[in-house]
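Written below as structure tokens is the structure these notes are about.
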Amino acid sequence: MARKIFKKTVLLCALGTLLSACDRLPDAAGIASRPLEPVQEIPLSGVISSQLAPLMLGGKEYLLLASEVRGLVLIDSNGGEAAALDGGSVERFALQALDDGSWLVAAFDDHSGEIQLRQLALDAGTQRPGLKYLGAQRSSAPQAALCFSRQAGRTHLFAIDETGLGREYVVHPRDGAWLFTEVRPLYFGEQVNSCAVDDGRGLLLVAQPPLGIWSLNADAEKDEERRVFAPAAELGEAFGGFWLGADGNLWLTAGGRALAYNLSTQERTPVFSKLLANIQPVSVAVQGGALLALEEESDILQRYDVELPQPTAEIQALGAPAKMPRVPARAQTEPVASGGDAADDPAIWVNPRDAAASLILGTDKKSGLNIYNLSGKLLQQFPVGRVNNVDLRPVNGGKYAALAAASNRTTPGISLFGITAGGNVDSLGLREMELDDPYGLCLYREGDKVLAWISDKDGDLHLAEILLGENGLDWKLQPRALLKVGSQVEGCVVDDERGTLFFGEEDRGVWRLDIAGFLAGSAEPQLVAAADGKHLVADVEGIGLYRSGDRGYLVVSSQGNNSYALFSRDGSEFIGNFLVDINLDRTLDGSSETDGLEVTGAPLGPDYPAGLLVVQDGRNRMPSASQNFKLVSWGDIAETLELQ
């Protein structure tokens with residue numbers, strides 16, 4: 001049980017040989033080290049609790065208590081019982097305020113082996129508090145820590161069991177019940193005992209004696225970035241019992257002390273540190289200007305009058321972070337076969353006979369090229385080597401309606417594929433090029449000619465013409481030009497109608513080049529969209545061109561902040577940016593760390609009447625799996641960004 005692990009560390013700390021070490025925690029400046037005596041002891045008859053949390057309901061103060069014999073018990077500020085489950089055994093719960101003034105409670109019940117979700121609210125008739133059952137999630141091990149997070153208007157629940165395995169869920173109503181949709185697993189060692197989420201900064205904080213307190217990103221679409229928030233050397237052998245106050249302070253217990261840390265600063269010295277007389281607290285909180293504390297399996301609530309830390313100027317000035325528009329995905333492809341960083345770049349073939357039968361080509365840069373339909377089903381695989389980027393263009397006459405080319409890093413060169421009018425794809429072989437490491441690639445048409453820009457990983461861009469022979473397998477590459485670039489280039493796209501190349505220098509931004517002028521020796525690349533850390537955050541990788549009639553937009557993967565930047569067709573004007581978000585109705589996660597993307601303005605059926613954006617997803621969640629590609633309706637993007 002979670003309490004047994006926590007109790008063991010508490011008892012160790014209580015031993016005489018260790019007590020002085022456990023209590024050698026720094027007091028906040030100006031706070032005396034004399035133990036704090038309670039001003040009131042409130043009996044909790046028959047509760048047996050190890051966790052408390054304060055809340056307001058109907059303008060009145062209450063305390064929610066975990067009970068090992070009665071499940072959950074709600075008391076008023078004087079200790080009077082207001083509501084209880086009267087059944088079950090609960091040691092850990094999480095609490096989140098809802099917009100209607102009620103509260104969402106997640107509690108692990110030892111008897112049922114479930115994480116149970118309930119709503120704590122006033123009865124409309126009696127105006128008395130009650131606990132309404134919403135739903136449950138079975139668990140293979142007892143839960144040691146539970147905490148809620150609010151993300152993009154959704155409720156996320158972090159649950160960490162006694163083995164150290166954590167899971168992130170989205171909890172949400174559907175068809176009259178609440179569901180637990182798993183987002184990702186999280187891995188910790190044993191002895192985790194509590195967690196809390198600072199939504200303002202997007203941080204998940206986890207207590208794990210005897211190692212310390214961990215801080216990591218709560219957003220599953222970001223790098224975990226696990227760091228030590230406070231080491232065990234500063235906390236002693238036993239610590240935990242998190243409660244995050246409205247003042248922005250993280251409250252916890254450590255040995256015989258109550259501590260508070262200001263989360264708004266990088267300073268990791270407690271702003272409150274007090275030794276509590278004659279108890280080893282396991283749960284503390286603040287309510288009505290008083291400090292409240294519980295011992296392990298306690299039937300007494302201790303109340304202390306003490307000068308509490310005031311919200312700092314940083315906390316008072318802290319506003320809500322700027323919110324980027326979010327667009328849900330409509331579908332996703334099957335995961336690529338290769339693990340790790342494997343999916344990379346997509347292309348879209350629009351079937352001229354039947355738009356609903358169009359294809360998505362996607363690279364698995366560890367093995368080859370995959371072909372998907374618009375539902376994301378894998379139709380074909382071509383194990384031709386480590387192909388990185390892919391692009392295609394329609395062609396006139398002959399056996400094939402379109403040609404697709406991919407940069408191949410196994411044998412440096414270009415792999416070519418033919419797409420028939422009926423949607424069948426054939427591999428047409430590879431032609432080598434004198435490149436150290438082929439990387440980015442994009443095609444364009446100049447009259448009846450099909451040409452390819454292909455980058456070497458050292459930065460140079462090579463232009464080659466694809467010369468077709470009498471049959472599909474009879475083709476060659478004719479070098480045409482070389483463009484020197486200062487550093488690594490991957491994403492590129494050509495506006496065929498205007499003869500303009502756009503390419504992304506990953507650390508600098510998007511460059512524009514007049515191709516005819518360059519070939520004539522009269523034009524040089526222009527930096528039109530710098531990686532400024534705001535509109536566009538390095539790395540700059542995928543680039544696509546959306547065209548529909550006279551309208552056109554350049555779409556760029558802003559990998560550094562997991563978003564997509566929209567520019568005018570010539571790249572000179574920033575239009576807006578957006579995130580690809582979770583779609584709970586279709587059980588789809590969002591996308592992040594996108595390498596390649598492609599977009600078309602062609603109408604592709606009821607889900608994509610104004611076109612389709614396909615983006616590589618670097619972190620495939622719900623559940624966690626190998627990387628894949630997400631499909632986003634351009635109509636949803638246009639509506640969200642209010643495009644004209």
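Here's how to read the names in the structure tokens: chain A, B, ... by the order shown, residue numbers from 1 in each chain, ligand numbers from 1 in the order shown.
Shell of Asn562 in chain A at 9 Å, with only C-alpha atoms counted and residues fewer than 2 places along the chain excluded, is Glu221, Lys222, Val537, Ser557, Ser558, Gln559, Gly560, Tyr564, Leu579, Val580, Ser591, Ser592, Glu593 and Thr594 of chain A.
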A:Val615, A:Ala152, A:Pro609, A:Ala94 ranked by distance to Lys323 in chain A, top pick (using only C-alpha atoms):
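With only C-alpha atoms as the atom set, the closest residue is A:Ala152.
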Mind listing the strand (DSSP E) residues of range 99-261 of chain A, per DSSP on the backbone, as a PyMOL selection string?
chain A and resi 103-109+114-122+129-138+143-151+154-161+165-174+177-187+194-198+203-208+212-217+227-231+239-244+249-254+257-261
Neighbour list for range 246-253 of chain A as a list in words, cut-off 7 Å, only C-alpha atoms, skip fewer than 4 positions in-chain:
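Surrounding residues, per the criterion: Phe239, Gly240, Gly241, Phe242, Arg257, Ala258, Leu259, Ala260, Tyr261, Asn262, Leu263, Pro281, Val282, Ser283, Val284, Ala285, Pro311 and Ile315 of chain A.
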Contacts of Pro142 in chain A at 7 Å or less, counting only C-alpha atoms, minus same-chain residues fewer than 2 places along, as a ChimeraX atom specification?
/A:1,110,113,139,144,161-162
Rounded to one decimal, what separation in Å do you get between CA of Asp458 in chain A and CA of Met433 in chain A?
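Between these atoms lies a distance of 14.8 Å.
Those residues that approach Phe158 in chain A to within 8 Å, counting only C-alpha atoms, are A:Ala145, A:Leu146, A:Cys147, A:Phe148, A:Ser149, A:His156, A:Ile160, A:Gly166, A:Arg167, A:Glu168, A:Tyr169; same-chain residues fewer than 2 positions away are not listed.
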Output N, CA and C atoms for every residue in that selection, as a short mmCIF file (atom, residue, chain, number, x, y, z; two decimals), in the first residue's frame.
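Okay, this is what ended up in part03.cif:
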```
data_model
loop_
_atom_site.label_atom_id
_atom_site.label_comp_id
_atom_site.auth_asym_id
_atom_site.auth_seq_id
_atom_site.Cartn_x
_atom_site.Cartn_y
_atom_site.Cartn_z
N ALA A 145 -0.01 8.08 -5.99
CA ALA A 145 -0.14 9.53 -6.18
C ALA A 145 -1.16 9.81 -7.27
N LEU A 146 -2.00 10.82 -7.04
CA LEU A 146 -3.00 11.26 -8.01
C LEU A 146 -2.98 12.78 -8.05
N CYS A 147 -3.05 13.36 -9.25
CA CYS A 147 -3.15 14.83 -9.35
C CYS A 147 -3.76 15.19 -10.70
N PHE A 148 -4.57 16.26 -10.68
CA PHE A 148 -5.23 16.76 -11.88
C PHE A 148 -4.40 17.85 -12.54
N SER A 149 -4.66 18.02 -13.84
CA SER A 149 -4.08 19.12 -14.60
C SER A 149 -5.14 19.65 -15.56
N HIS A 156 -6.95 16.60 -17.29
CA HIS A 156 -6.00 15.48 -17.35
C HIS A 156 -5.76 14.98 -15.93
N ILE A 160 0.03 7.59 -10.48
CA ILE A 160 1.30 6.87 -10.35
C ILE A 160 1.11 5.77 -9.32
N GLY A 166 3.55 5.40 -13.96
CA GLY A 166 2.54 6.45 -14.00
C GLY A 166 1.80 6.43 -15.32
N ARG A 167 0.59 6.94 -15.31
CA ARG A 167 -0.20 7.08 -16.54
C ARG A 167 -0.89 8.43 -16.53
N GLU A 168 -0.91 9.04 -17.70
CA GLU A 168 -1.68 10.28 -17.89
C GLU A 168 -2.94 9.94 -18.65
N TYR A 169 -4.08 10.40 -18.12
CA TYR A 169 -5.37 10.20 -18.76
C TYR A 169 -6.00 11.56 -19.05
#
```
Gap from CA of Ser215 in chain A to CA of Asn561 in chain A - Å, one decimal
19.2 Å
